[in-house]
file structure38.txt (compact mmCIF, C-alpha atoms)
# COMPACT_ATOMS: atom_id res chain seq x y z
CA ARG F 279 247.10 26.83 30.32
CA VAL F 280 250.30 28.80 29.70
CA GLN F 281 251.98 26.74 32.39
CA ASP F 282 251.82 23.59 30.24
CA ASP F 283 253.67 25.25 27.40
CA THR F 284 256.59 26.21 29.58
CA PHE F 285 256.87 22.58 30.62
CA LYS F 286 256.46 21.42 27.05
CA THR F 287 259.23 23.67 25.80
CA ARG F 288 261.34 22.82 28.82
CA ASP F 289 260.75 19.11 28.24
CA SER F 290 261.56 19.27 24.56
CA THR F 291 264.57 21.59 24.78
CA TRP F 292 265.94 19.49 27.56
CA THR F 293 265.49 16.37 25.48
CA GLU F 294 267.24 17.91 22.48
CA SER F 295 270.14 19.31 24.47
CA THR F 296 270.90 16.15 26.41
CA GLY F 297 269.36 13.46 24.26
CA MET F 298 267.42 12.38 27.35
CA ALA F 299 263.76 12.64 28.16
CA ALA F 300 263.05 15.15 30.90
CA ALA F 301 262.23 13.70 34.28
CA PRO F 302 258.61 14.37 35.26
CA PRO F 303 258.24 17.61 37.23
CA SER F 304 257.36 16.19 40.66
CA TYR F 305 257.88 18.19 43.84
CA CYS F 306 258.34 17.38 47.50
CA PHE F 307 258.74 19.64 50.50
CA VAL F 308 259.50 19.68 54.17
CA ALA F 309 259.02 22.53 56.65
CA PHE F 310 260.47 22.58 60.17
CA PRO F 311 259.45 24.63 63.19
CA PRO F 312 259.44 27.56 63.71
CA ARG F 313 258.55 28.05 60.00
CA ALA F 314 256.04 25.24 60.52
CA LYS F 315 253.40 25.77 63.18
CA ASP F 316 252.94 24.24 66.65
CA GLY F 317 256.16 22.23 66.76
CA LEU F 318 255.11 20.12 63.77
CA VAL F 319 257.34 18.96 60.93
CA VAL F 320 255.23 19.11 57.74
CA PHE F 321 256.08 17.01 54.69
CA GLY F 322 254.37 17.05 51.28
CA LYS F 323 254.77 15.37 47.90
CA ASN F 324 253.16 15.58 44.47
CA SER F 325 253.80 12.60 42.25
CA ALA F 326 254.01 13.65 38.58
CA ARG F 327 253.65 10.60 36.39
CA PRO F 328 252.28 9.65 32.94
CA ARG F 329 248.70 10.93 32.73
CA ASP F 330 246.87 7.61 32.60
CA GLU F 331 248.84 5.83 35.32
CA VAL F 332 246.88 4.72 38.40
CA GLN F 333 248.33 5.06 41.90
CA GLU F 334 247.12 2.87 44.71
CA VAL F 335 247.40 3.49 48.46
CA VAL F 336 248.37 0.33 50.32
CA TYR F 337 249.10 -0.60 53.95
CA PHE F 338 251.52 -3.40 54.82
CA SER F 339 251.73 -4.54 58.42
CA ALA F 340 255.03 -5.22 60.20
CA ALA F 341 256.31 -8.74 59.55
CA ASP F 342 258.99 -11.22 60.51
CA HIS F 343 260.82 -13.07 57.75
CA GLU F 344 262.62 -16.40 57.44
CA GLN F 345 266.40 -16.38 57.47
CA GLU F 346 267.97 -16.05 54.04
CA SER F 347 264.64 -15.22 52.39
CA LYS F 348 264.48 -12.85 49.43
CA VAL F 349 262.17 -9.98 48.64
CA GLU F 350 261.02 -9.52 45.06
CA CYS F 351 261.18 -5.85 44.11
CA THR F 352 259.95 -4.48 40.78
CA TYR F 353 262.63 -6.10 38.59
CA ILE F 354 265.10 -7.90 40.88
CA SER F 355 265.17 -9.74 44.21
CA VAL F 356 267.29 -8.66 47.17
CA ASP F 357 268.01 -10.25 50.55
CA GLN F 358 265.16 -9.78 53.01
CA VAL F 359 265.80 -8.52 56.56
CA PRO F 360 264.58 -10.36 59.69
CA ARG F 361 261.83 -7.79 60.36
CA THR F 362 260.09 -5.15 58.27
CA HIS F 363 258.13 -2.24 59.76
CA ALA F 364 254.49 -1.38 59.05
CA ILE F 365 254.22 1.02 56.09
CA MET F 366 251.56 3.01 54.25
CA ILE F 367 252.55 3.84 50.69
CA SER F 368 251.26 5.47 47.53
CA ARG F 369 252.60 3.75 44.42
CA PRO F 370 252.07 3.31 40.70
CA ALA F 371 249.92 0.18 40.68
CA TRP F 372 252.20 -1.86 38.40
CA LEU F 373 255.36 -1.77 40.52
CA TRP F 374 256.61 -3.00 43.89
CA GLY F 375 258.06 0.16 45.39
CA ALA F 376 256.53 3.51 46.32
CA GLU F 377 256.52 7.11 45.15
CA MET F 378 255.99 8.22 48.74
CA GLY F 379 255.00 6.80 52.06
CA ALA F 380 255.51 6.56 55.78
CA ASN F 381 256.29 3.92 58.37
CA GLU F 382 255.12 3.25 61.92
CA HIS F 383 258.19 5.05 63.35
CA GLY F 384 257.33 8.38 61.77
CA VAL F 385 259.80 8.11 58.88
CA CYS F 386 258.53 9.55 55.57
CA ILE F 387 260.28 9.20 52.23
CA ALA F 388 259.54 10.60 48.78
CA ASN F 389 261.50 10.09 45.62
CA GLU F 390 262.06 12.19 42.52
CA ALA F 391 263.28 10.99 39.16
CA ILE F 392 266.10 13.31 38.12
CA SER F 393 268.12 13.86 34.99
CA THR F 394 271.89 14.17 35.42
CA ARG F 395 274.99 14.34 33.26
CA GLU F 396 275.21 10.60 33.42
CA PRO F 397 272.32 8.77 31.76
CA ALA F 398 270.63 6.29 34.08
CA ALA F 399 271.11 2.59 33.41
CA GLU F 400 268.44 0.83 31.40
CA THR F 401 269.59 -2.50 32.83
CA GLU F 402 266.99 -3.74 35.31
CA ALA F 403 268.11 -3.19 38.89
CA LEU F 404 266.44 -1.36 41.78
CA LEU F 405 264.14 1.54 40.88
CA GLY F 406 264.33 4.69 42.96
CA MET F 407 260.78 3.81 44.01
CA ASP F 408 261.88 0.38 45.25
CA LEU F 409 264.47 2.11 47.44
CA VAL F 410 261.76 4.33 48.97
CA ARG F 411 259.87 1.25 50.13
CA LEU F 412 262.99 -0.61 51.26
CA GLY F 413 264.02 2.44 53.31
CA LEU F 414 260.58 2.64 54.96
CA GLU F 415 260.46 -1.09 55.72
CA ARG F 416 263.91 -1.22 57.29
CA ALA F 417 264.57 2.06 59.14
CA GLU F 418 263.44 3.66 62.40
CA THR F 419 264.94 7.10 61.70
CA ALA F 420 265.63 9.25 58.65
CA LYS F 421 269.38 8.72 58.98
CA GLU F 422 268.91 4.92 59.15
CA ALA F 423 266.78 5.09 55.99
CA LEU F 424 269.56 7.02 54.25
CA ASP F 425 272.07 4.32 55.23
CA VAL F 426 269.73 1.54 54.05
CA ILE F 427 269.20 3.21 50.66
CA VAL F 428 272.86 3.94 49.93
CA SER F 429 274.04 0.48 50.95
CA LEU F 430 271.43 -1.19 48.70
CA LEU F 431 272.43 1.20 45.91
CA GLU F 432 276.07 0.19 46.32
CA GLU F 433 275.16 -3.49 46.25
CA HIS F 434 272.52 -3.62 43.49
CA GLY F 435 272.66 -0.35 41.55
CA GLN F 436 269.63 1.45 40.10
CA GLY F 437 268.11 1.04 36.68
CA GLY F 438 265.21 -0.15 34.57
CA ASN F 439 262.08 1.38 33.09
CA TYR F 440 260.31 3.97 35.26
CA TYR F 441 257.15 3.74 33.15
CA GLU F 442 254.80 0.97 32.12
CA ASP F 443 255.83 1.40 28.50
CA ALA F 444 256.78 -1.39 26.09
CA ASN F 445 257.95 1.04 23.39
CA SER F 446 260.83 2.73 25.15
CA CYS F 447 262.80 2.58 28.34
CA HIS F 448 262.59 5.71 30.51
CA SER F 449 265.28 5.41 33.12
CA PHE F 450 266.28 8.08 35.60
CA GLN F 451 268.66 8.73 38.44
CA SER F 452 266.89 9.52 41.71
CA ALA F 453 266.72 11.99 44.56
CA TYR F 454 265.05 11.43 47.93
CA LEU F 455 263.61 13.51 50.70
CA ILE F 456 263.82 11.44 53.89
CA VAL F 457 262.15 12.92 56.97
CA ASP F 458 261.46 12.06 60.61
CA ARG F 459 260.33 14.06 63.64
CA ASP F 460 263.81 15.54 64.15
CA GLU F 461 265.54 16.00 60.84
CA ALA F 462 265.46 15.51 57.10
CA TRP F 463 268.05 14.23 54.67
CA VAL F 464 268.17 15.24 51.02
CA LEU F 465 269.84 12.38 49.14
CA GLU F 466 270.80 12.73 45.47
CA THR F 467 272.21 9.85 43.46
CA ILE F 468 274.05 9.21 40.19
CA GLY F 469 274.31 5.45 39.63
CA LYS F 470 275.83 4.14 42.86
CA TYR F 471 277.41 7.52 43.70
CA TRP F 472 275.60 9.90 46.01
CA ALA F 473 275.71 12.90 48.33
CA ALA F 474 273.37 13.93 51.12
CA GLU F 475 272.60 17.01 53.17
CA LYS F 476 271.03 17.13 56.61
CA VAL F 477 268.25 19.68 57.14
CA THR F 478 266.83 20.66 60.55
CA GLU F 479 265.30 24.08 59.94
CA GLY F 480 263.40 26.22 57.46
CA VAL F 481 261.80 24.92 54.28
CA ARG F 482 263.36 22.52 51.79
CA CYS F 483 262.11 21.46 48.38
CA ILE F 484 263.37 18.85 45.96
CA CYS F 485 262.22 18.30 42.38
CA ASN F 486 263.43 16.77 39.14
CA ARG F 487 266.81 18.52 39.18
CA LEU F 488 269.81 18.30 41.45
CA SER F 489 269.70 20.69 44.39
CA LEU F 490 272.77 19.94 46.52
CA THR F 491 275.60 22.44 46.09
CA THR F 492 278.64 22.72 48.38
CA LYS F 493 277.06 21.70 51.69
CA MET F 494 277.21 17.92 51.90
CA ASP F 495 276.99 16.15 55.24
CA ALA F 496 277.63 12.67 53.84
CA GLU F 497 278.82 11.36 50.47
CA HIS F 498 280.01 8.28 48.63
CA PRO F 499 283.74 7.83 49.44
CA GLU F 500 284.66 7.81 45.74
CA LEU F 501 282.25 10.54 44.62
CA ARG F 502 284.90 13.20 43.96
CA SER F 503 287.46 10.90 42.36
CA TYR F 504 284.68 9.61 40.10
CA ALA F 505 283.78 13.17 39.04
CA GLN F 506 287.45 13.84 38.32
CA SER F 507 287.86 10.64 36.31
CA GLN F 508 284.94 11.72 34.10
CA GLY F 509 286.54 15.13 33.54
CA TRP F 510 283.62 16.90 35.25
CA TRP F 511 285.66 18.39 38.09
CA THR F 512 289.23 19.64 38.10
CA GLY F 513 289.87 18.86 41.75
CA GLU F 514 290.93 22.50 42.25
CA ASP F 515 287.63 24.39 42.34
CA GLU F 516 285.25 24.04 45.25
CA PHE F 517 283.20 20.88 44.73
CA ASN F 518 279.62 21.89 43.88
CA PHE F 519 277.49 18.75 43.44
CA SER F 520 274.81 20.29 41.19
CA GLU F 521 277.32 22.08 38.98
CA VAL F 522 279.42 18.94 38.58
CA PHE F 523 276.59 16.51 37.84
CA SER F 524 273.76 18.50 36.22
CA PRO F 525 273.17 18.19 32.47
CA GLY F 526 274.12 21.34 30.56
CA GLU F 527 273.18 24.61 32.20
CA ASP F 528 270.60 22.96 34.33
CA HIS F 529 271.94 23.49 37.84
CA LEU F 530 269.81 26.54 38.51
CA GLY F 531 267.53 24.79 40.98
CA CYS F 532 263.87 24.38 40.24
CA CYS F 533 261.80 25.18 43.13
CA ALA F 534 258.93 27.24 41.92
CA GLY F 535 257.14 25.62 44.80
CA LYS F 536 259.68 26.59 47.39
CA ASP F 537 258.95 30.20 46.52
CA SER F 538 255.26 29.72 47.11
CA LEU F 539 255.97 28.07 50.50
CA GLU F 540 258.67 30.62 51.44
CA LYS F 541 256.35 33.51 50.59
CA GLN F 542 253.86 32.37 53.22
CA GLU F 543 253.76 35.17 55.75
CA GLU F 544 252.27 32.97 58.46
CA SER F 545 253.73 29.75 59.69
CA ILE F 546 253.22 26.66 57.57
CA THR F 547 250.42 24.25 58.45
CA VAL F 548 248.98 21.08 56.90
CA GLN F 549 246.55 23.31 55.04
CA THR F 550 249.36 25.48 53.65
CA MET F 551 251.13 22.37 52.40
CA MET F 552 247.95 21.08 50.74
CA ASN F 553 247.37 24.47 49.10
CA THR F 554 250.94 24.47 47.77
CA LEU F 555 250.48 20.99 46.28
CA ARG F 556 247.25 22.17 44.61
CA ASP F 557 248.91 25.19 43.00
CA LYS F 558 248.85 24.89 39.21
CA ALA F 559 250.01 28.43 38.53
CA SER F 560 253.43 27.73 40.07
CA GLY F 561 253.81 24.42 38.25
CA VAL F 562 253.86 22.44 41.51
CA CYS F 563 250.63 20.74 40.49
CA ILE F 564 251.29 19.48 36.98
CA ASP F 565 248.56 18.98 34.39
CA SER F 566 250.25 18.94 30.98
CA GLU F 567 250.02 16.88 27.81
CA SER F 568 252.37 14.18 29.09
CA PHE F 569 252.17 14.45 32.85
CA LEU F 570 249.63 14.73 35.63
CA THR F 571 249.96 14.81 39.40
CA THR F 572 248.60 11.28 39.78
CA ALA F 573 248.69 11.22 43.60
CA SER F 574 249.67 13.42 46.54
CA GLY F 575 250.56 12.98 50.17
CA VAL F 576 251.09 15.19 53.22
CA SER F 577 252.45 14.12 56.60
CA VAL F 578 252.51 15.86 59.95
CA LEU F 579 255.22 14.74 62.35
CA PRO F 580 254.93 16.30 65.81
CA GLN F 581 258.30 16.90 67.44
CA ASN F 582 256.59 16.01 70.70
CA ARG F 583 256.77 12.21 70.85
CA SER F 584 253.50 11.84 72.75
CA SER F 585 251.47 13.00 69.73
CA PRO F 586 250.89 10.62 66.80
CA CYS F 587 252.14 11.27 63.27
CA ILE F 588 249.32 11.81 60.79
CA HIS F 589 249.62 10.97 57.10
CA TYR F 590 247.21 12.20 54.43
CA PHE F 591 246.86 10.53 51.02
CA THR F 592 244.64 11.39 48.04
CA GLY F 593 244.81 8.06 46.18
CA THR F 594 243.43 9.98 43.17
CA PRO F 595 244.86 12.29 40.48
CA ASP F 596 245.07 16.10 40.65
CA PRO F 597 245.13 17.29 44.25
CA SER F 598 243.18 20.43 43.28
CA ARG F 599 240.27 18.04 42.58
CA SER F 600 240.98 15.47 45.27
CA ILE F 601 240.41 14.92 48.98
CA PHE F 602 243.33 14.38 51.35
CA LYS F 603 242.34 11.57 53.73
CA PRO F 604 244.07 10.96 57.08
CA PHE F 605 245.79 7.79 58.28
CA ILE F 606 247.39 7.00 61.67
CA PHE F 607 249.50 3.93 62.45
CA VAL F 608 248.00 1.76 65.20
CA ASP F 609 248.22 -1.98 65.85
CA ASP F 610 244.93 -2.85 64.26
CA VAL F 611 244.59 -0.97 60.99
CA LYS F 612 241.55 -1.79 58.88
CA LEU F 613 242.67 -2.58 55.33
CA VAL F 614 241.23 -0.50 52.50
CA PRO F 615 240.67 -2.66 49.40
CA LYS F 616 238.91 0.26 47.70
CA THR F 617 242.23 2.08 47.15
CA GLN F 618 243.99 -1.10 45.99
CA SER F 619 244.30 -1.93 42.33
CA PRO F 620 243.36 -5.36 41.01
CA CYS F 621 246.12 -7.93 41.43
CA PHE F 622 247.15 -9.90 38.33
CA GLY F 623 249.73 -12.12 40.04
CA ASP F 624 252.25 -13.81 37.78
CA ASP F 625 250.11 -12.96 34.74
CA ASP F 626 250.84 -9.27 35.24
CA PRO F 627 252.41 -7.95 32.00
CA ALA F 628 254.81 -5.94 34.20
CA LYS F 629 256.19 -9.21 35.60
CA LYS F 630 256.58 -11.08 32.30
CA GLU F 631 259.40 -10.59 29.83
CA PRO F 632 259.31 -8.90 27.42
CA ARG F 633 257.54 -6.51 29.77
CA PHE F 634 254.43 -4.37 29.32
CA GLN F 635 253.13 -6.17 26.22
CA GLU F 636 249.67 -5.08 27.31
CA LYS F 637 248.27 -2.62 29.82
CA PRO F 638 245.62 -4.07 32.10
CA ASP F 639 242.99 -1.85 33.71
CA ARG F 640 244.53 -1.00 37.06
CA ARG F 641 241.83 1.39 38.31
CA HIS F 642 240.69 0.78 41.89
CA GLU F 643 237.25 1.53 43.21
CA LEU F 644 238.10 4.99 44.58
CA TYR F 645 239.83 5.94 41.31
CA LYS F 646 236.75 4.94 39.28
CA ALA F 647 234.36 6.84 41.55
CA HIS F 648 236.63 9.89 41.42
CA GLU F 649 236.70 9.87 37.60
CA TRP F 650 233.08 11.00 37.71
CA ALA F 651 234.04 13.98 39.88
CA ARG F 652 236.92 14.94 37.57
CA ALA F 653 234.57 14.84 34.58
CA VAL F 654 231.97 17.05 36.31
CA ILE F 655 234.58 19.59 37.38
CA GLU F 656 236.00 19.70 33.81
CA SER F 657 232.66 20.05 32.03
CA ASP F 658 230.20 21.98 34.17
CA GLN F 659 231.40 25.17 35.81
CA GLU F 660 228.51 25.68 38.18
CA GLN F 661 228.07 22.06 39.24
CA GLY F 662 231.85 21.64 39.32
CA ARG F 663 232.24 24.59 41.69
CA LYS F 664 229.61 23.18 44.06
CA LEU F 665 231.17 19.72 43.91
CA ARG F 666 234.62 21.06 44.75
CA SER F 667 233.37 23.04 47.70
CA THR F 668 231.59 19.96 49.08
CA MET F 669 234.76 17.92 48.60
CA LEU F 670 236.80 20.52 50.49
CA GLU F 671 234.16 20.52 53.21
CA LEU F 672 234.58 16.73 53.62
CA GLU F 673 238.34 17.20 53.79
CA LYS F 674 237.99 19.99 56.35
CA GLN F 675 236.02 17.71 58.68
CA GLY F 676 238.92 15.27 58.60
CA LEU F 677 241.47 18.02 59.21
CA GLU F 678 239.51 19.36 62.18
CA ALA F 679 239.22 15.90 63.73
CA MET F 680 243.00 15.45 63.35
CA GLU F 681 243.64 18.87 64.85
CA GLU F 682 241.72 17.74 67.92
CA ILE F 683 243.87 14.62 68.21
CA LEU F 684 247.05 16.70 67.98
CA THR F 685 246.00 19.28 70.55
CA SER F 686 244.37 16.83 72.96
CA SER F 687 246.10 16.08 76.25
CA GLU F 688 244.43 12.65 76.28
CA PRO F 689 246.41 9.73 74.82
CA LEU F 690 245.19 8.45 71.46
CA ASP F 691 242.66 5.60 71.58
CA PRO F 692 243.85 3.18 68.86
CA ALA F 693 240.36 1.69 68.50
CA GLU F 694 239.09 5.08 67.37
CA VAL F 695 241.55 5.53 64.49
CA GLY F 696 242.13 2.00 63.19
CA ASP F 697 239.48 2.47 60.51
CA LEU F 698 240.06 6.20 59.96
CA PHE F 699 241.38 5.99 56.39
CA TYR F 700 238.86 3.25 55.55
CA ASP F 701 235.94 5.41 56.69
CA CYS F 702 237.16 8.49 54.82
CA VAL F 703 237.53 6.53 51.57
CA ASP F 704 234.11 4.96 52.07
CA THR F 705 232.47 8.33 52.66
CA GLU F 706 234.16 9.79 49.59
CA ILE F 707 232.99 6.96 47.30
CA LYS F 708 229.41 7.20 48.62
CA PHE F 709 229.50 10.92 48.06
CA PHE F 710 230.60 10.54 44.41
CA LYS F 711 227.87 7.98 43.79
call {"tool": "encode", "arguments": {"input": "structure38.txt", "output": "structure tokens"}}
result
Amino acid sequence: RVQDDTFKTRDSTWTESTGMAAAPPSYCFVAFPPRAKDGLVVFGKNSARPRDEVQEVVYFSAADHEQESKVECTYISVDQVPRTHAIMISRPAWLWGAEMGANEHGVCIANEAISTREPAAETEALLGMDLVRLGLERAETAKEALDVIVSLLEEHGQGGNYYEDANSCHSFQSAYLIVDRDEAWVLETIGKYWAAEKVTEGVRCICNRLSLTTKMDAEHPELRSYAQSQGWWTGEDEFNFSEVFSPGEDHLGCCAGKDSLEKQEESITVQTMMNTLRDKASGVCIDSESFLTTASGVSVLPQNRSSPCIHYFTGTPDPSRSIFKPFIFVDDVKLVPKTQSPCFGDDDPAKKEPRFQEKPDRRHELYKAHEWARAVIESDQEQGRKLRSTMLELEKQGLEAMEEILTSSEPLDPAEVGDLFYDCVDTEIKFFK
């Protein structure tokens, strides 16, 4: 467990040097053809969050909204749009937004909490995770999602507690990986200021540190003058986003995981992405005293428009002990209450002020069933090994079925995949019982 200590020391030194808590070490990745196989764009995300936090996987269908209606996000309300797209998201069960997700148009977004030179606002505004969901609900392409996010950021700002914690406010700036079938945008934000880079080839990784340097394809109009006004940039040197805005000596990039993806000799597949997310040795899969990878997701976006996008979610902690289950957007998706946490309505301690005065049990049915598997794998080597291999076998069946859909010349029959995710979750729970 050497890996944990490096994070511990990194967390604590970082905290001492900047007076700020380190952002959790989450990772997300995208790989484009030809590095990715068969003309597929492959996206992956590990969500590192406080160890005991539950993530739920929830589908919301497309919807029309009344004029001038509002949408209640985690802490504040914003103006609703006339129509929101269908989305499938993985989110900490106490909040409105999402850590990662996809929409019916093949847009995928993941968010990372990041630490920057400027402390994030504690004042309640939009969370980075709210902006992930708002981007998915309102955009048909990655570039549209970028525009949605930065305009909402300009209007409402970001801030508020990232954790369900009454004792202290953990607020962070945020970075986003926004992907569609054609391109990706890496968006990094400091308050309402931001810069973004377009990516159309190779492999890209973002984590809990700034990654943009001198190549910026879009930026806030006042970004540079703001940096100058703070004394962080002279205006003479080349403008390097990470160097200007990173805390201390922290602009060295972070992507342990990128190395493990880059090192792949063969082209990158769904399986490669899943293996990378399961990798504890590289630190991509976190399991430390404070943090755990509480949920993971992988998406496959075929550049050929006639093939469907396929999105895999675990809905359970620690991808090395979880099953990635496939989901495809069709008109008639069967809802999956077994990956949804209990709803506490207006009595939810996250919705009442002062917030988080108590922590309700947010475990959903899949999470509870999976706890048994985690315990077996922890305690009994032989039984644990057998259990894991059976779990991977279940996952493999799903992957093979999806492979057939992607390589088939026949159009997809929506009736066949409407209950795909439902069936996989059901099978997994029965198996654990």
call {"tool": "residues_around", "arguments": {"input": "structure38.txt", "residues": "range 497-503 of chain F", "least_positions_apart": "3", "cutoff": "8 Å", "atoms": "only C-alpha atoms", "output": "list in words"}}
result
Tyr471, Trp472, Ala473, Ala474, Met494, Gln506, Ser507, Trp511, Gly513 and Phe517 of chain F
call {"tool": "closest_atom_pairs", "arguments": {"input": "structure38.txt", "of": "range 398-423 of chain F", "to": "range 333-349 of chain F", "cutoff": "12 Å", "atoms": "all atoms listed in the file", "output": "CSV"}}
result
residue,atom,partner,partner_atom,distance
F:Leu404,CA,F:Val349,CA,11.8
F:Asp408,CA,F:Val349,CA,10.9
F:Arg411,CA,F:Phe338,CA,10.6
F:Leu412,CA,F:Val349,CA,9.8
F:Leu414,CA,F:Phe338,CA,10.9
F:Glu415,CA,F:Ala340,CA,8.2
F:Arg416,CA,F:Ala340,CA,10.2
call {"tool": "closest_residue", "arguments": {"input": "structure38.txt", "among": "F:Phe605, F:Trp463, F:Tyr440, F:Phe709", "to": "Gly676 in chain F", "atoms": "all atoms listed in the file"}}
result
F:Phe605
call {"tool": "atom_distance", "arguments": {"input": "structure38.txt", "atom1": "CA of Val578 in chain F", "atom2": "CA of His383 in chain F"}}
result
12.7 Å
call {"tool": "closest_residue", "arguments": {"input": "structure38.txt", "among": "F:Met551, F:Lys637, F:Ser600, F:Thr617", "to": "Ile655 in chain F", "atoms": "all atoms listed in the file"}}
result
F:Ser600
call {"tool": "atom_distance", "arguments": {"input": "structure38.txt", "atom1": "CA of Asp460 in chain F", "atom2": "CA of Gln581 in chain F"}}
result
6.6 Å
call {"tool": "residues_around", "arguments": {"input": "structure38.txt", "residues": "Ser574 in chain F", "least_positions_apart": "3", "cutoff": "12 Å", "atoms": "all atoms listed in the file", "output": "PyMOL selection string"}}
result
chain F and resi 304-307+321-327+333-335+367-370+377-379+388+551-556+562-564+570-571+577+589-603
call {"tool": "write_last_selection", "arguments": {"input": "structure38.txt", "atoms": "C-alpha atoms", "output": "PDB file, in the frame of the given file"}}
result
ATOM      1  CA  SER F 304     257.360  16.190  40.660  1.00  0.00           C
ATOM      2  CA  TYR F 305     257.880  18.190  43.840  1.00  0.00           C
ATOM      3  CA  CYS F 306     258.340  17.380  47.500  1.00  0.00           C
ATOM      4  CA  PHE F 307     258.740  19.640  50.500  1.00  0.00           C
ATOM      5  CA  PHE F 321     256.080  17.010  54.690  1.00  0.00           C
ATOM      6  CA  GLY F 322     254.370  17.050  51.280  1.00  0.00           C
ATOM      7  CA  LYS F 323     254.770  15.370  47.900  1.00  0.00           C
ATOM      8  CA  ASN F 324     253.160  15.580  44.470  1.00  0.00           C
ATOM      9  CA  SER F 325     253.800  12.600  42.250  1.00  0.00           C
ATOM     10  CA  ALA F 326     254.010  13.650  38.580  1.00  0.00           C
ATOM     11  CA  ARG F 327     253.650  10.600  36.390  1.00  0.00           C
ATOM     12  CA  GLN F 333     248.330   5.060  41.900  1.00  0.00           C
ATOM     13  CA  GLU F 334     247.120   2.870  44.710  1.00  0.00           C
ATOM     14  CA  VAL F 335     247.400   3.490  48.460  1.00  0.00           C
ATOM     15  CA  ILE F 367     252.550   3.840  50.690  1.00  0.00           C
ATOM     16  CA  SER F 368     251.260   5.470  47.530  1.00  0.00           C
ATOM     17  CA  ARG F 369     252.600   3.750  44.420  1.00  0.00           C
ATOM     18  CA  PRO F 370     252.070   3.310  40.700  1.00  0.00           C
ATOM     19  CA  GLU F 377     256.520   7.110  45.150  1.00  0.00           C
ATOM     20  CA  MET F 378     255.990   8.220  48.740  1.00  0.00           C
ATOM     21  CA  GLY F 379     255.000   6.800  52.060  1.00  0.00           C
ATOM     22  CA  ALA F 388     259.540  10.600  48.780  1.00  0.00           C
ATOM     23  CA  MET F 551     251.130  22.370  52.400  1.00  0.00           C
ATOM     24  CA  MET F 552     247.950  21.080  50.740  1.00  0.00           C
ATOM     25  CA  ASN F 553     247.370  24.470  49.100  1.00  0.00           C
ATOM     26  CA  THR F 554     250.940  24.470  47.770  1.00  0.00           C
ATOM     27  CA  LEU F 555     250.480  20.990  46.280  1.00  0.00           C
ATOM     28  CA  ARG F 556     247.250  22.170  44.610  1.00  0.00           C
ATOM     29  CA  VAL F 562     253.860  22.440  41.510  1.00  0.00           C
ATOM     30  CA  CYS F 563     250.630  20.740  40.490  1.00  0.00           C
ATOM     31  CA  ILE F 564     251.290  19.480  36.980  1.00  0.00           C
ATOM     32  CA  LEU F 570     249.630  14.730  35.630  1.00  0.00           C
ATOM     33  CA  THR F 571     249.960  14.810  39.400  1.00  0.00           C
ATOM     34  CA  SER F 577     252.450  14.120  56.600  1.00  0.00           C
ATOM     35  CA  HIS F 589     249.620  10.970  57.100  1.00  0.00           C
ATOM     36  CA  TYR F 590     247.210  12.200  54.430  1.00  0.00           C
ATOM     37  CA  PHE F 591     246.860  10.530  51.020  1.00  0.00           C
ATOM     38  CA  THR F 592     244.640  11.390  48.040  1.00  0.00           C
ATOM     39  CA  GLY F 593     244.810   8.060  46.180  1.00  0.00           C
ATOM     40  CA  THR F 594     243.430   9.980  43.170  1.00  0.00           C
ATOM     41  CA  PRO F 595     244.860  12.290  40.480  1.00  0.00           C
ATOM     42  CA  ASP F 596     245.070  16.100  40.650  1.00  0.00           C
ATOM     43  CA  PRO F 597     245.130  17.290  44.250  1.00  0.00           C
ATOM     44  CA  SER F 598     243.180  20.430  43.280  1.00  0.00           C
ATOM     45  CA  ARG F 599     240.270  18.040  42.580  1.00  0.00           C
ATOM     46  CA  SER F 600     240.980  15.470  45.270  1.00  0.00           C
ATOM     47  CA  ILE F 601     240.410  14.920  48.980  1.00  0.00           C
ATOM     48  CA  PHE F 602     243.330  14.380  51.350  1.00  0.00           C
ATOM     49  CA  LYS F 603     242.340  11.570  53.730  1.00  0.00           C
TER      50      LYS F 603
END
call {"tool": "residues_around", "arguments": {"input": "structure38.txt", "residues": "Gln436 in chain F", "least_positions_apart": "3", "cutoff": "8 Å", "atoms": "only C-alpha atoms", "output": "list of chain:residue names"}}
result
F:Ala398, F:Ala399, F:Glu402, F:Ala403, F:Leu404, F:Leu405, F:Gly406, F:Leu431, F:Gln451, F:Gly469, F:Lys470
call {"tool": "atom_distance", "arguments": {"input": "structure38.txt", "atom1": "CA of Glu466 in chain F", "atom2": "CA of Pro586 in chain F"}}
result
29.3 Å
call {"tool": "closest_residue", "arguments": {"input": "structure38.txt", "among": "F:Leu430, F:Ala573, F:Ala423, F:Ala376", "to": "Val464 in chain F", "atoms": "all atoms listed in the file"}}
result
F:Ala423
call {"tool": "decode", "arguments": {"input": "structure38.txt", "residues": "range 316-320 of chain F", "atoms": "N, CA and C atoms", "output": "compact mmCIF listing (two decimals), in the first residue's frame"}}
result
# COMPACT_ATOMS: atom_id res chain seq x y z
N ASP F 316 -10.62 0.75 -34.15
CA ASP F 316 -11.87 0.60 -34.93
C ASP F 316 -12.68 1.89 -35.10
N GLY F 317 -11.99 3.02 -35.18
CA GLY F 317 -12.73 4.28 -35.38
C GLY F 317 -13.61 4.65 -34.20
N LEU F 318 -13.22 4.24 -33.00
CA LEU F 318 -14.01 4.56 -31.80
C LEU F 318 -13.29 5.61 -30.95
N VAL F 319 -14.03 6.58 -30.44
CA VAL F 319 -13.49 7.48 -29.43
C VAL F 319 -13.81 6.82 -28.08
N VAL F 320 -12.79 6.67 -27.22
CA VAL F 320 -13.00 5.99 -25.94
C VAL F 320 -12.74 6.97 -24.79
